[in-house]
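**Student:** What follows is the file data_0.txt, containing compact mmCIF, C-alpha atoms and all ligand atoms:
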# COMPACT_ATOMS: atom_id res chain seq x y z
CA MET A 1 0.00 0.00 0.00
CA PRO A 2 1.34 3.49 -0.74
CA ASP A 3 2.73 5.18 2.36
CA ALA A 4 1.70 8.64 1.14
CA ILE A 5 -1.76 7.89 2.57
CA MET A 6 -2.29 7.82 6.34
CA PRO A 7 -3.06 4.24 7.32
CA THR A 8 -6.45 4.96 8.91
CA TYR A 9 -8.27 2.24 6.96
CA GLY A 10 -7.65 -1.50 6.74
CA ARG A 11 -8.05 -1.73 2.98
CA GLN A 12 -8.46 -4.71 0.67
CA ASP A 13 -5.73 -4.77 -1.97
CA ILE A 14 -8.08 -4.22 -4.88
CA SER A 15 -9.32 -1.18 -6.76
CA PHE A 16 -12.14 -0.51 -9.14
CA VAL A 17 -11.95 1.49 -12.32
CA LYS A 18 -15.53 1.36 -13.58
CA GLY A 19 -19.01 0.99 -12.15
CA ASP A 20 -22.31 0.14 -13.81
CA GLY A 21 -25.47 -0.24 -11.72
CA ALA A 22 -24.74 -2.80 -9.03
CA TRP A 23 -21.53 -3.93 -10.75
CA LEU A 24 -17.89 -2.89 -10.42
CA THR A 25 -14.91 -3.73 -12.62
CA ASP A 26 -11.43 -3.94 -11.10
CA THR A 27 -8.06 -3.01 -12.62
CA ASN A 28 -7.73 -6.56 -14.03
CA GLY A 29 -11.12 -6.50 -15.74
CA ASN A 30 -12.85 -8.76 -13.18
CA ARG A 31 -16.49 -7.96 -12.39
CA PHE A 32 -17.97 -7.79 -8.89
CA LEU A 33 -21.49 -7.49 -7.54
CA ASP A 34 -21.59 -4.55 -5.11
CA ALA A 35 -23.78 -5.69 -2.21
CA LEU A 36 -22.44 -2.83 -0.11
CA GLY A 37 -23.38 0.07 -2.41
CA GLY A 38 -20.27 2.07 -1.54
CA LEU A 39 -21.36 1.76 2.10
CA ALA A 40 -25.00 2.77 1.67
CA VAL A 41 -24.02 5.66 -0.61
CA VAL A 42 -24.74 4.48 -4.14
CA VAL A 43 -28.52 4.09 -3.80
CA LEU A 44 -29.16 4.51 -7.54
CA GLY A 45 -26.24 2.31 -8.56
CA HIS A 46 -22.89 3.21 -10.11
CA ALA A 47 -22.62 5.53 -13.12
CA ASN A 48 -26.34 6.30 -12.94
CA PRO A 49 -27.23 8.13 -16.20
CA GLU A 50 -29.63 10.62 -14.55
CA VAL A 51 -27.02 11.57 -11.95
CA ALA A 52 -24.33 11.80 -14.64
CA LYS A 53 -26.53 14.12 -16.70
CA THR A 54 -27.17 16.37 -13.71
CA ILE A 55 -23.47 16.54 -12.81
CA SER A 56 -22.57 17.33 -16.38
CA GLU A 57 -25.22 20.04 -16.81
CA GLN A 58 -24.53 21.66 -13.46
CA SER A 59 -20.76 21.66 -14.03
CA THR A 60 -21.16 23.70 -17.20
CA THR A 61 -23.70 26.02 -15.56
CA LEU A 62 -22.53 26.92 -12.04
CA LEU A 63 -20.62 25.08 -9.31
CA HIS A 64 -20.27 27.56 -6.49
CA THR A 65 -21.29 31.02 -5.36
CA SER A 66 -20.99 30.79 -1.51
CA ASN A 67 -23.72 30.97 1.10
CA LEU A 68 -23.50 34.76 1.22
CA TYR A 69 -26.03 34.70 -1.62
CA ARG A 70 -29.24 32.79 -2.22
CA VAL A 71 -28.65 29.39 -3.80
CA PRO A 72 -31.73 28.36 -5.85
CA LYS A 73 -30.79 24.66 -6.04
CA GLN A 74 -30.35 24.60 -2.25
CA GLU A 75 -33.79 26.18 -1.79
CA GLU A 76 -35.36 23.72 -4.23
CA LEU A 77 -33.83 20.71 -2.46
CA ALA A 78 -34.80 22.09 0.95
CA GLU A 79 -38.44 22.51 -0.12
CA LYS A 80 -38.48 18.98 -1.46
CA LEU A 81 -37.02 17.48 1.73
CA GLN A 82 -39.30 19.68 3.85
CA GLN A 83 -42.35 18.25 2.07
CA MET A 84 -41.15 14.68 2.28
CA SER A 85 -40.13 14.81 5.93
CA GLY A 86 -42.63 17.14 7.57
CA MET A 87 -39.65 18.97 9.09
CA ASP A 88 -39.55 22.79 9.06
CA ASN A 89 -36.05 23.78 7.96
CA MET A 90 -32.54 22.45 7.43
CA PHE A 91 -28.81 23.13 7.20
CA PHE A 92 -26.62 21.62 4.48
CA GLY A 93 -23.08 20.35 5.02
CA ASN A 94 -20.88 17.89 3.18
CA SER A 95 -20.91 14.69 5.22
CA GLY A 96 -22.69 12.70 7.85
CA ALA A 97 -20.42 13.84 10.66
CA GLU A 98 -21.10 17.46 9.75
CA ALA A 99 -24.85 16.87 9.73
CA ASN A 100 -24.55 15.39 13.24
CA GLU A 101 -22.30 18.25 14.40
CA CYS A 102 -25.11 20.59 13.41
CA ALA A 103 -27.61 18.48 15.37
CA ILE A 104 -25.34 18.51 18.44
CA LYS A 105 -24.89 22.30 18.16
CA ILE A 106 -28.68 22.74 17.97
CA ALA A 107 -29.08 20.66 21.16
CA ARG A 108 -26.34 22.67 22.93
CA LEU A 109 -27.80 26.02 21.98
CA TYR A 110 -31.31 24.82 22.83
CA GLY A 111 -30.07 23.90 26.31
CA ASN A 112 -28.05 27.04 26.84
CA LYS A 113 -31.06 29.15 25.89
CA LYS A 114 -32.94 27.36 28.70
CA ALA A 115 -30.06 28.31 31.05
CA ILE A 116 -28.90 24.72 31.42
CA GLU A 117 -25.25 24.84 32.42
CA THR A 118 -23.97 21.55 30.96
CA PRO A 119 -26.43 20.60 28.22
CA THR A 120 -26.24 16.81 28.01
CA ILE A 121 -27.22 14.55 25.14
CA ILE A 122 -28.15 10.93 25.83
CA VAL A 123 -26.50 8.60 23.29
CA ALA A 124 -26.53 4.83 22.90
CA ASP A 125 -23.90 2.13 23.32
CA SER A 126 -22.68 0.60 20.04
CA SER A 127 -23.89 3.67 18.12
CA PHE A 128 -21.95 5.35 15.34
CA HIS A 129 -22.25 9.07 14.63
CA GLY A 130 -18.99 10.05 12.90
CA ARG A 131 -15.32 10.83 13.42
CA THR A 132 -15.13 14.52 14.36
CA LEU A 133 -14.45 15.14 18.05
CA ALA A 134 -18.07 15.70 19.05
CA THR A 135 -19.46 12.91 16.87
CA LEU A 136 -16.80 10.41 17.92
CA THR A 137 -17.67 11.22 21.52
CA ALA A 138 -21.34 10.61 20.72
CA THR A 139 -20.32 7.28 19.18
CA GLY A 140 -20.75 4.35 21.59
CA ASN A 141 -17.57 2.47 20.75
CA ARG A 142 -14.40 2.57 22.87
CA LYS A 143 -12.19 1.79 19.86
CA VAL A 144 -13.37 5.01 18.23
CA HIS A 145 -12.61 7.00 21.43
CA ALA A 146 -9.23 5.45 22.24
CA GLY A 147 -6.39 7.97 22.35
CA PHE A 148 -8.55 11.01 21.62
CA GLU A 149 -9.24 11.94 25.22
CA PRO A 150 -10.19 14.40 26.55
CA LEU A 151 -13.50 13.68 24.87
CA VAL A 152 -16.19 16.32 24.49
CA LYS A 153 -18.31 16.97 27.58
CA GLY A 154 -22.05 16.69 27.73
CA PHE A 155 -22.88 13.13 26.68
CA ALA A 156 -24.57 10.43 28.79
CA ARG A 157 -24.60 6.80 27.65
CA VAL A 158 -27.36 4.20 27.79
CA PRO A 159 -27.70 0.72 26.29
CA TYR A 160 -29.45 0.77 22.90
CA ASN A 161 -33.10 -0.31 22.88
CA ASP A 162 -33.37 0.25 26.64
CA VAL A 163 -36.18 2.71 27.36
CA GLU A 164 -35.97 2.19 31.12
CA ALA A 165 -32.34 3.40 31.18
CA VAL A 166 -33.44 6.65 29.53
CA ARG A 167 -36.30 7.05 32.02
CA GLN A 168 -33.88 6.59 34.92
CA ILE A 169 -31.60 9.35 33.63
CA ALA A 170 -34.67 11.58 33.21
CA GLU A 171 -35.43 11.20 36.91
CA HIS A 172 -32.15 12.46 38.30
CA ASN A 173 -30.30 14.37 35.55
CA LYS A 174 -31.81 17.81 34.97
CA GLU A 175 -29.10 18.82 32.47
CA VAL A 176 -30.31 16.54 29.68
CA VAL A 177 -31.49 18.38 26.56
CA ALA A 178 -31.74 15.64 23.92
CA VAL A 179 -31.65 11.96 23.03
CA MET A 180 -29.70 11.03 19.89
CA VAL A 181 -30.02 7.56 18.33
CA GLU A 182 -30.02 5.71 15.02
CA PRO A 183 -33.44 4.16 14.22
CA ILE A 184 -31.45 1.03 13.33
CA GLN A 185 -27.77 0.86 14.27
CA GLY A 186 -25.64 0.32 11.17
CA GLU A 187 -21.98 0.14 12.25
CA GLY A 188 -23.21 -1.43 15.49
CA GLY A 189 -24.15 -4.52 13.48
CA ILE A 190 -27.65 -3.86 12.06
CA GLN A 191 -29.28 -3.64 15.50
CA VAL A 192 -33.05 -3.32 15.06
CA PRO A 193 -34.78 -2.01 18.20
CA ASP A 194 -38.23 -3.04 19.47
CA GLN A 195 -41.20 -1.78 17.45
CA ASN A 196 -42.15 0.88 20.04
CA TYR A 197 -38.61 2.10 20.87
CA LEU A 198 -38.78 5.38 18.93
CA ALA A 199 -42.34 6.06 20.14
CA SER A 200 -41.23 5.55 23.76
CA LEU A 201 -38.27 7.88 23.28
CA ARG A 202 -40.64 10.42 21.70
CA GLU A 203 -42.85 10.22 24.77
CA ILE A 204 -39.96 10.71 27.22
CA CYS A 205 -38.62 13.63 25.18
CA ASP A 206 -42.05 15.28 25.21
CA GLU A 207 -42.47 14.78 28.97
CA ASN A 208 -39.08 16.35 29.66
CA ASP A 209 -38.92 19.00 26.95
CA TRP A 210 -35.94 17.25 25.32
CA LEU A 211 -35.17 17.08 21.61
CA LEU A 212 -35.38 13.72 19.86
CA ILE A 213 -32.50 13.57 17.37
CA LEU A 214 -32.47 10.72 14.86
CA ASP A 215 -29.33 9.88 12.89
CA GLU A 216 -30.72 8.57 9.59
CA ILE A 217 -27.43 8.88 7.73
CA GLN A 218 -27.47 5.15 6.97
CA THR A 219 -31.19 4.29 7.37
CA GLY A 220 -32.50 7.23 5.31
CA ASN A 221 -32.87 7.84 1.58
CA GLY A 222 -35.34 5.02 1.07
CA ARG A 223 -33.21 2.18 2.35
CA THR A 224 -35.55 0.78 4.99
CA GLY A 225 -38.86 0.94 3.10
CA GLN A 226 -39.83 4.59 3.60
CA TYR A 227 -37.79 7.65 2.64
CA PHE A 228 -36.96 8.09 6.35
CA CYS A 229 -36.95 5.09 8.66
CA TYR A 230 -38.90 7.05 11.34
CA GLN A 231 -41.83 7.26 8.92
CA SER A 232 -42.64 3.63 9.70
CA SER A 233 -42.76 4.32 13.45
CA GLY A 234 -45.60 6.86 13.50
CA ILE A 235 -43.55 9.55 15.25
CA LYS A 236 -41.64 12.63 14.14
CA PRO A 237 -38.22 13.59 15.48
CA ASP A 238 -37.26 17.17 16.37
CA VAL A 239 -33.99 16.82 14.46
CA VAL A 240 -33.00 14.27 11.82
CA THR A 241 -29.75 13.91 9.87
CA LEU A 242 -29.16 12.48 6.39
CA ALA A 243 -26.06 12.01 4.25
CA LYS A 244 -24.64 8.85 2.57
CA GLY A 245 -27.26 8.01 -0.09
CA LEU A 246 -28.45 11.58 -0.59
CA GLY A 247 -25.82 12.42 -3.23
CA ASN A 248 -25.27 8.93 -4.73
CA GLY A 249 -21.53 9.60 -4.30
CA ILE A 250 -21.42 13.41 -4.46
CA PRO A 251 -20.70 14.55 -0.88
CA ILE A 252 -23.68 16.11 0.90
CA GLY A 253 -25.15 15.96 4.40
CA VAL A 254 -28.13 17.70 5.91
CA CYS A 255 -29.57 18.36 9.35
CA LEU A 256 -33.35 18.89 9.37
CA ALA A 257 -35.20 20.45 12.30
CA ARG A 258 -38.81 20.90 13.36
CA GLY A 259 -40.76 23.12 15.76
CA LYS A 260 -38.69 24.55 18.60
CA ALA A 261 -35.53 22.88 17.23
CA ALA A 262 -36.01 24.76 13.96
CA GLU A 263 -35.87 28.10 15.81
CA VAL A 264 -32.53 27.60 17.54
CA LEU A 265 -29.82 28.49 15.03
CA GLY A 266 -29.56 32.11 13.92
CA PRO A 267 -27.20 34.25 11.86
CA GLY A 268 -23.56 33.49 12.67
CA ASN A 269 -24.30 30.31 14.66
CA HIS A 270 -23.17 27.84 12.02
CA GLY A 271 -21.71 27.69 8.54
CA SER A 272 -19.97 25.70 5.83
CA THR A 273 -18.10 26.93 2.76
CA PHE A 274 -19.17 24.07 0.52
CA GLY A 275 -22.43 23.20 2.28
CA GLY A 276 -25.47 23.31 0.01
CA ASN A 277 -23.54 24.18 -3.14
CA PRO A 278 -25.37 24.07 -6.50
CA LEU A 279 -23.66 20.84 -7.63
CA SER A 280 -24.38 18.67 -4.59
CA CYS A 281 -27.92 20.06 -4.29
CA ALA A 282 -28.70 19.54 -7.99
CA VAL A 283 -27.53 15.93 -7.68
CA ALA A 284 -29.50 15.36 -4.47
CA ILE A 285 -32.64 16.71 -6.19
CA THR A 286 -32.12 14.13 -8.94
CA VAL A 287 -31.51 11.36 -6.40
CA VAL A 288 -34.63 12.17 -4.38
CA ASP A 289 -36.70 12.50 -7.61
CA GLN A 290 -35.51 9.12 -8.83
CA ILE A 291 -36.20 7.43 -5.48
CA GLU A 292 -39.75 8.82 -5.64
CA LYS A 293 -40.37 8.26 -9.35
CA LEU A 294 -39.13 4.66 -9.32
CA GLY A 295 -40.77 3.86 -5.96
CA LEU A 296 -37.41 2.68 -4.66
CA ALA A 297 -38.25 2.93 -0.95
CA ARG A 298 -41.17 0.56 -1.32
CA ARG A 299 -39.11 -1.67 -3.57
CA ALA A 300 -36.32 -1.75 -0.94
CA GLY A 301 -38.85 -2.82 1.69
CA GLU A 302 -40.28 -5.64 -0.42
CA LEU A 303 -36.96 -6.88 -1.77
CA GLY A 304 -35.41 -6.79 1.69
CA ASP A 305 -38.24 -8.90 3.11
CA ARG A 306 -37.77 -11.41 0.32
CA MET A 307 -33.99 -11.59 0.75
CA MET A 308 -34.23 -11.96 4.53
CA GLY A 309 -36.82 -14.69 4.01
CA GLU A 310 -34.42 -16.56 1.79
CA PHE A 311 -31.52 -16.12 4.22
CA ARG A 312 -33.68 -17.37 7.09
CA GLN A 313 -34.80 -20.38 5.10
CA ARG A 314 -31.30 -21.39 4.07
CA LEU A 315 -29.18 -20.27 7.02
CA SER A 316 -31.25 -20.21 10.23
CA ASP A 317 -30.50 -23.83 11.12
CA LEU A 318 -26.73 -23.55 10.73
CA ASN A 319 -24.75 -23.70 13.97
CA CYS A 320 -22.56 -20.76 12.97
CA VAL A 321 -25.56 -18.42 12.46
CA LYS A 322 -26.89 -16.52 15.46
CA ASP A 323 -29.42 -14.12 13.94
CA ILE A 324 -30.70 -12.72 10.66
CA ARG A 325 -32.25 -9.25 10.87
CA GLY A 326 -32.73 -5.92 9.19
CA MET A 327 -35.24 -3.72 7.46
CA GLY A 328 -35.49 -3.15 3.73
CA LEU A 329 -32.11 -3.30 2.04
CA MET A 330 -30.23 -2.95 5.32
CA ILE A 331 -29.57 -6.57 6.20
CA GLY A 332 -27.40 -8.20 8.86
CA ILE A 333 -26.46 -11.85 9.30
CA GLU A 334 -24.88 -12.33 12.71
CA LEU A 335 -22.54 -15.29 13.14
CA ASN A 336 -21.42 -16.83 16.42
CA SER A 337 -17.79 -15.87 15.90
CA PRO A 338 -15.76 -13.11 14.22
CA CYS A 339 -15.99 -13.37 10.44
CA GLY A 340 -13.96 -10.46 9.05
CA ASP A 341 -12.24 -12.92 6.69
CA LEU A 342 -15.49 -13.26 4.72
CA VAL A 343 -14.84 -9.90 3.06
CA ALA A 344 -11.80 -11.27 1.19
CA LYS A 345 -13.55 -14.59 0.56
CA GLY A 346 -16.46 -12.63 -0.90
CA LEU A 347 -14.11 -10.88 -3.32
CA GLU A 348 -12.89 -14.30 -4.49
CA LYS A 349 -16.52 -15.11 -5.28
CA GLY A 350 -17.07 -11.77 -7.01
CA ILE A 351 -19.07 -9.93 -4.36
CA LEU A 352 -18.50 -6.90 -2.12
CA ILE A 353 -19.85 -7.34 1.40
CA ASN A 354 -18.93 -5.83 4.75
CA VAL A 355 -18.58 -7.16 8.29
CA ALA A 356 -19.76 -4.83 11.07
CA ALA A 357 -19.17 -5.28 14.81
CA ASP A 358 -16.79 -8.23 14.07
CA LYS A 359 -19.52 -10.84 13.61
CA VAL A 360 -22.23 -9.34 11.43
CA ILE A 361 -22.27 -9.66 7.65
CA ARG A 362 -23.74 -6.37 6.49
CA LEU A 363 -25.49 -5.88 3.16
CA LEU A 364 -26.43 -2.40 1.86
CA PRO A 365 -26.90 -2.87 -1.89
CA PRO A 366 -28.09 -0.18 -4.30
CA LEU A 367 -31.89 0.21 -4.14
CA THR A 368 -31.98 -0.31 -7.91
CA ILE A 369 -30.81 -3.95 -7.89
CA THR A 370 -32.86 -6.30 -10.04
CA ASP A 371 -34.60 -9.44 -8.76
CA ASP A 372 -31.87 -11.45 -10.43
CA GLU A 373 -29.08 -9.48 -8.75
CA ALA A 374 -30.81 -9.84 -5.39
CA GLU A 375 -30.98 -13.58 -6.03
CA GLN A 376 -27.27 -13.67 -6.89
CA ILE A 377 -26.41 -11.81 -3.67
CA CYS A 378 -28.45 -14.32 -1.64
CA GLU A 379 -26.84 -17.30 -3.39
CA ILE A 380 -23.23 -16.13 -2.95
CA VAL A 381 -23.72 -14.94 0.64
CA CYS A 382 -25.38 -18.26 1.57
CA GLN A 383 -22.46 -20.14 0.03
CA LEU A 384 -20.02 -18.01 2.05
CA VAL A 385 -21.89 -18.66 5.29
CA GLU A 386 -22.39 -22.38 4.56
CA ALA A 387 -18.62 -22.68 4.13
CA VAL A 388 -17.93 -21.23 7.60
C1 LIG B 1 -21.60 6.85 8.05
C2 LIG B 1 -22.34 7.34 9.24
C3 LIG B 1 -22.00 8.56 9.86
C4 LIG B 1 -20.81 9.38 9.44
O1 LIG B 1 -20.93 9.89 8.15
P1 LIG B 1 -19.62 10.49 7.42
O2 LIG B 1 -20.15 10.98 6.10
O3 LIG B 1 -18.65 9.37 7.28
O4 LIG B 1 -19.10 11.58 8.26
C5 LIG B 1 -22.77 8.98 10.94
N1 LIG B 1 -23.81 8.25 11.38
C6 LIG B 1 -24.18 7.10 10.79
C7 LIG B 1 -25.35 6.35 11.31
C8 LIG B 1 -23.44 6.58 9.72
O5 LIG B 1 -23.79 5.42 9.17
Would it be possible to restate this file's structure as structure tokens?
**Tutor:**
Amino acid sequence: MPDAIMPTYGRQDISFVKGDGAWLTDTNGNRFLDALGGLAVVVLGHANPEVAKTISEQSTTLLHTSNLYRVPKQEELAEKLQQMSGMDNMFFGNSGAEANECAIKIARLYGNKKAIETPTIIVADSSFHGRTLATLTATGNRKVHAGFEPLVKGFARVPYNDVEAVRQIAEHNKEVVAVMVEPIQGEGGIQVPDQNYLASLREICDENDWLLILDEIQTGNGRTGQYFCYQSSGIKPDVVTLAKGLGNGIPIGVCLARGKAAEVLGPGNHGSTFGGNPLSCAVAITVVDQIEKLGLARRAGELGDRMMGEFRQRLSDLNCVKDIRGMGLMIGIELNSPCGDLVAKGLEKGILINVAADKVIRLLPPLTITDDEAEQICEIVCQLVEAV
């Protein structure tokens, strides 16, 4: 590996030179089925013609003017997301971590305006919220914290999917201003909470005048059967963040707010040079349009159910398999022992998969995969697991 790049990633020794839908071609001309979708990013598939057309047109029209002026594409995207989410307003950045930073700043300012001295955000164990100092602190994983102490103040930790633990904090900690969770934990190993988890958190937040912040950076953009995962829970968050799939590979992140949370940030409170630029917003408009037009959220829900059904049928009885779970095209197969080696074995079989939390095979394919491609993913993944 070249030593001009900081060794922050454990990379496979392979690189891709061309993409086409759910397929990638490496430097030797071998083809691979991408069951990881560039880590939940490439929702419309690689080299999507509509996205390519938008990038091309926007690049010969206007790339950047700065946020000191009105940006029509940003306004158009915001109105679209506002309609789809039922949220009131939003701030655009360039990544998931930035979207969450904005959410954390909203919670801090919300608390400080209520004269709370140490505004505290409740976060969950095994969560993932990003790699900036505040978002790595919010992340519930010691490996992500290690060596970066002192961590940021103002976070309290609870086990995921444990409503009682949140209620207990509510009783004695009067500094809490918000709860921040993923509707389904992605990096944590596709952890799906109980059906009423979000509704219970909503209730506690309402009782205590806290903000409910949902990190939908991985679950959003149609992946779990609705455009936002929370839309299948019957509740609305006060703040929700999106990134990954929103730009199909063009960097963009957004923090949406509602009600009192939408009234917190004012002039000078936050900013981003590139955030909400015409290129990323034009692409995101295309992505959201395509997800709607092609009914990809619903398709993801149906296809995911079918794939999980097949995995359960073929794999549930194997000794090495502990659990099969997920929602839509966010699927986890948990084994009884660490299985990081399956990533390289998958490449040998022509498929890109990921292993999260050491033991969980994670699948996040493009939402545009065909029935046949879904079938191929199931077949190869089953073969990999059967060989364990
Ligand atoms: C990927 C991810 C992030 C971080 O996004 P970046 O764009 O890498 O900063 C935050 N939260 C969740 C749930 C994620 O999956």
**Student:** Of the candidates A:Pro49, A:Gly19, A:Gly220, A:Pro119, which shows the shortest atom-to-atom distance to ligand LIG 1 (chain B), using only C-alpha atoms and all ligand atoms?
**Tutor:**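 Smallest separation from ligand LIG 1 (chain B) among the options: A:Gly220.
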**Student:** Could you give me, as JSON lines, a per-residue list for chain A showing, wherever an atom lies at most 7 Å from an atom of ligand LIG 1 (chain B), the closest pair of atoms and their distance in Å to one decimal, using only C-alpha atoms and all ligand atoms and sorting by chain then residue number from low to high?
**Tutor:**
{"residue": "A:Ser95", "atom": "CA", "partner": "B:LIG1", "partner_atom": "O2", "distance": 3.9}
{"residue": "A:Gly96", "atom": "CA", "partner": "B:LIG1", "partner_atom": "O1", "distance": 3.3}
{"residue": "A:Ala97", "atom": "CA", "partner": "B:LIG1", "partner_atom": "O4", "distance": 3.6}
{"residue": "A:Glu98", "atom": "CA", "partner": "B:LIG1", "partner_atom": "O4", "distance": 6.4}
{"residue": "A:Phe128", "atom": "CA", "partner": "B:LIG1", "partner_atom": "N1", "distance": 5.2}
{"residue": "A:His129", "atom": "CA", "partner": "B:LIG1", "partner_atom": "N1", "distance": 3.7}
{"residue": "A:Gly130", "atom": "CA", "partner": "B:LIG1", "partner_atom": "C4", "distance": 4.0}
{"residue": "A:Arg131", "atom": "CA", "partner": "B:LIG1", "partner_atom": "O4", "distance": 6.4}
{"residue": "A:Glu182", "atom": "CA", "partner": "B:LIG1", "partner_atom": "C7", "distance": 6.0}
{"residue": "A:Gln185", "atom": "CA", "partner": "B:LIG1", "partner_atom": "C7", "distance": 6.7}
{"residue": "A:Gly186", "atom": "CA", "partner": "B:LIG1", "partner_atom": "O5", "distance": 5.8}
{"residue": "A:Glu187", "atom": "CA", "partner": "B:LIG1", "partner_atom": "O5", "distance": 6.4}
{"residue": "A:Asp215", "atom": "CA", "partner": "B:LIG1", "partner_atom": "C7", "distance": 5.5}
{"residue": "A:Glu216", "atom": "CA", "partner": "B:LIG1", "partner_atom": "C7", "distance": 6.1}
{"residue": "A:Ile217", "atom": "CA", "partner": "B:LIG1", "partner_atom": "C6", "distance": 4.8}
{"residue": "A:Gln218", "atom": "CA", "partner": "B:LIG1", "partner_atom": "O5", "distance": 4.3}
{"residue": "A:Ala243", "atom": "CA", "partner": "B:LIG1", "partner_atom": "O2", "distance": 6.3}
{"residue": "A:Lys244", "atom": "CA", "partner": "B:LIG1", "partner_atom": "O2", "distance": 6.1}
**Student:** Between CA of Thr120 (chain A) and CA of Tyr230 (chain A), what distance in Å does the model show, to one decimal?
**Tutor:**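 Computing the Euclidean distance for CA of Thr120 (chain A) and CA of Tyr230 (chain A) yields 23.1 Å.
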**Student:** Counting all atoms listed in the file, write as a CSV table (one decimal) with C-alpha atoms, in the frame of the given file all protein and nucleic acid residues lying at most 9 Å from (-15.3, -15.3, 9.4) in the file's frame.
**Tutor:**
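Printed below is out.csv as written:
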chain,number,residue,atom,x,y,z
A,335,LEU,CA,-22.5,-15.3,13.1
A,337,SER,CA,-17.8,-15.9,15.9
A,338,PRO,CA,-15.8,-13.1,14.2
A,339,CYS,CA,-16.0,-13.4,10.4
A,340,GLY,CA,-14.0,-10.5,9.0
A,341,ASP,CA,-12.2,-12.9,6.7
A,342,LEU,CA,-15.5,-13.3,4.7
A,343,VAL,CA,-14.8,-9.9,3.1
A,355,VAL,CA,-18.6,-7.2,8.3
A,358,ASP,CA,-16.8,-8.2,14.1
A,359,LYS,CA,-19.5,-10.8,13.6
A,385,VAL,CA,-21.9,-18.7,5.3
A,388,VAL,CA,-17.9,-21.2,7.6
**Student:** Between A:Asp289, A:Asp125, A:Glu117, A:Asp3, single out the one closest to Met84 (chain A), counting only C-alpha atoms.
**Tutor:**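 Smallest separation from Met84 (chain A) among the options: A:Asp289.
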**Student:** Select, from A:Val158, A:Leu352, A:Val71, A:Leu384, the residue with the minimum atom-to-atom distance to Gly275 (chain A), counting all atoms listed in the file.
**Tutor:**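 For Gly275 (chain A), the nearest of the given residues is A:Val71.
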**Student:** Of the residues A:Phe274, A:Ala103, A:Pro251, A:Leu36, which is the one nearest to Ile361 (chain A), using all atoms listed in the file?
**Tutor:**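 Smallest separation from Ile361 (chain A) among the options: A:Leu36.
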**Student:** Please, what distance in Å, to one decimal, runs between CA of Asn277 (chain A) and CA of Glu292 (chain A)?
**Tutor:**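 Between CA of Asn277 (chain A) and CA of Glu292 (chain A) the gap works out to 22.5 Å.
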**Student:** When distances are computed from only C-alpha atoms, which of A:Ala374, A:Cys382, A:Ile369, A:Val166 shows the smallest separation from Arg312 (chain A)?
**Tutor:**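 Looking only at the distances to Arg312 (chain A), the closest residue turns out to be A:Cys382.
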**Student:** What separation in Å, quoted to one decimal, exists between CA of Ala124 (chain A) and CA of Asn173 (chain A)?
**Tutor:**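 Atom-to-atom, CA of Ala124 (chain A) and CA of Asn173 (chain A) are spaced 16.3 Å apart.
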**Student:** Taking 3 positions as the minimum chain separation for residues in the same chain, which residues sit within 12 Å of Val181 (chain A) when counting all atoms listed in the file? Answer as an MDAnalysis selection string.
**Tutor:** chainID A and resid 100 103:104 121:129 135 138:140 157:163 166 178 184:186 188 191:193 197:198 201:202 211:219 230 237 239:241
**Student:** Here is a test: counting all atoms listed in the file, which residue of A:Gly29, A:Gly350, A:Gly326, A:Gly276 is nearest to Pro72 (chain A)?
**Tutor:** A:Gly276
**Student:** Counting only C-alpha atoms, what is within 10 Å of Leu81 (chain A), bar same-chain residues fewer than 5 positions away, as a PyMOL selection string?
**Tutor:** chain A and resi 75-76+86-90+227+254+256+284-285+288
**Student:** Would you mind listing what lies within 9 Å of Ala199 (chain A) as a list of chain:residue names, with all atoms listed in the file counted and same-chain residues fewer than 2 positions away left out?
**Tutor:**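 Close residues of Ala199 (chain A): A:Gln195, A:Asn196, A:Tyr197, A:Leu201, A:Arg202, A:Glu203, A:Ile204, A:Ser233, A:Gly234, A:Ile235, A:Lys236.
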**Student:** Hey, what's within 6 Å of Pro366 (chain A) if we count only C-alpha atoms and toss same-chain stuff fewer than 3 positions away? As a PyMOL selection string, please?
**Tutor:** chain A and resi 37+42-45+369
**Student:** Once you count all atoms listed in the file, which residues end up no further than 6 Å from (-23.5, 19.0, -9.6) in the file's frame, shown as a VMD selection string?
**Tutor:** chain A and resid 55 58 to 59 279 to 280 282 to 283
**Student:** Which residues, written as a CSV table (one decimal) with C-alpha atoms, in the frame of the given file, have at least one atom at most 9 Å from Arg31 (chain A), with only C-alpha atoms counted and residues fewer than 4 positions away on the same chain left out?
**Tutor:**
chain,number,residue,atom,x,y,z
A,23,TRP,CA,-21.5,-3.9,-10.8
A,24,LEU,CA,-17.9,-2.9,-10.4
A,25,THR,CA,-14.9,-3.7,-12.6
A,26,ASP,CA,-11.4,-3.9,-11.1
A,350,GLY,CA,-17.1,-11.8,-7.0
A,351,ILE,CA,-19.1,-9.9,-4.4
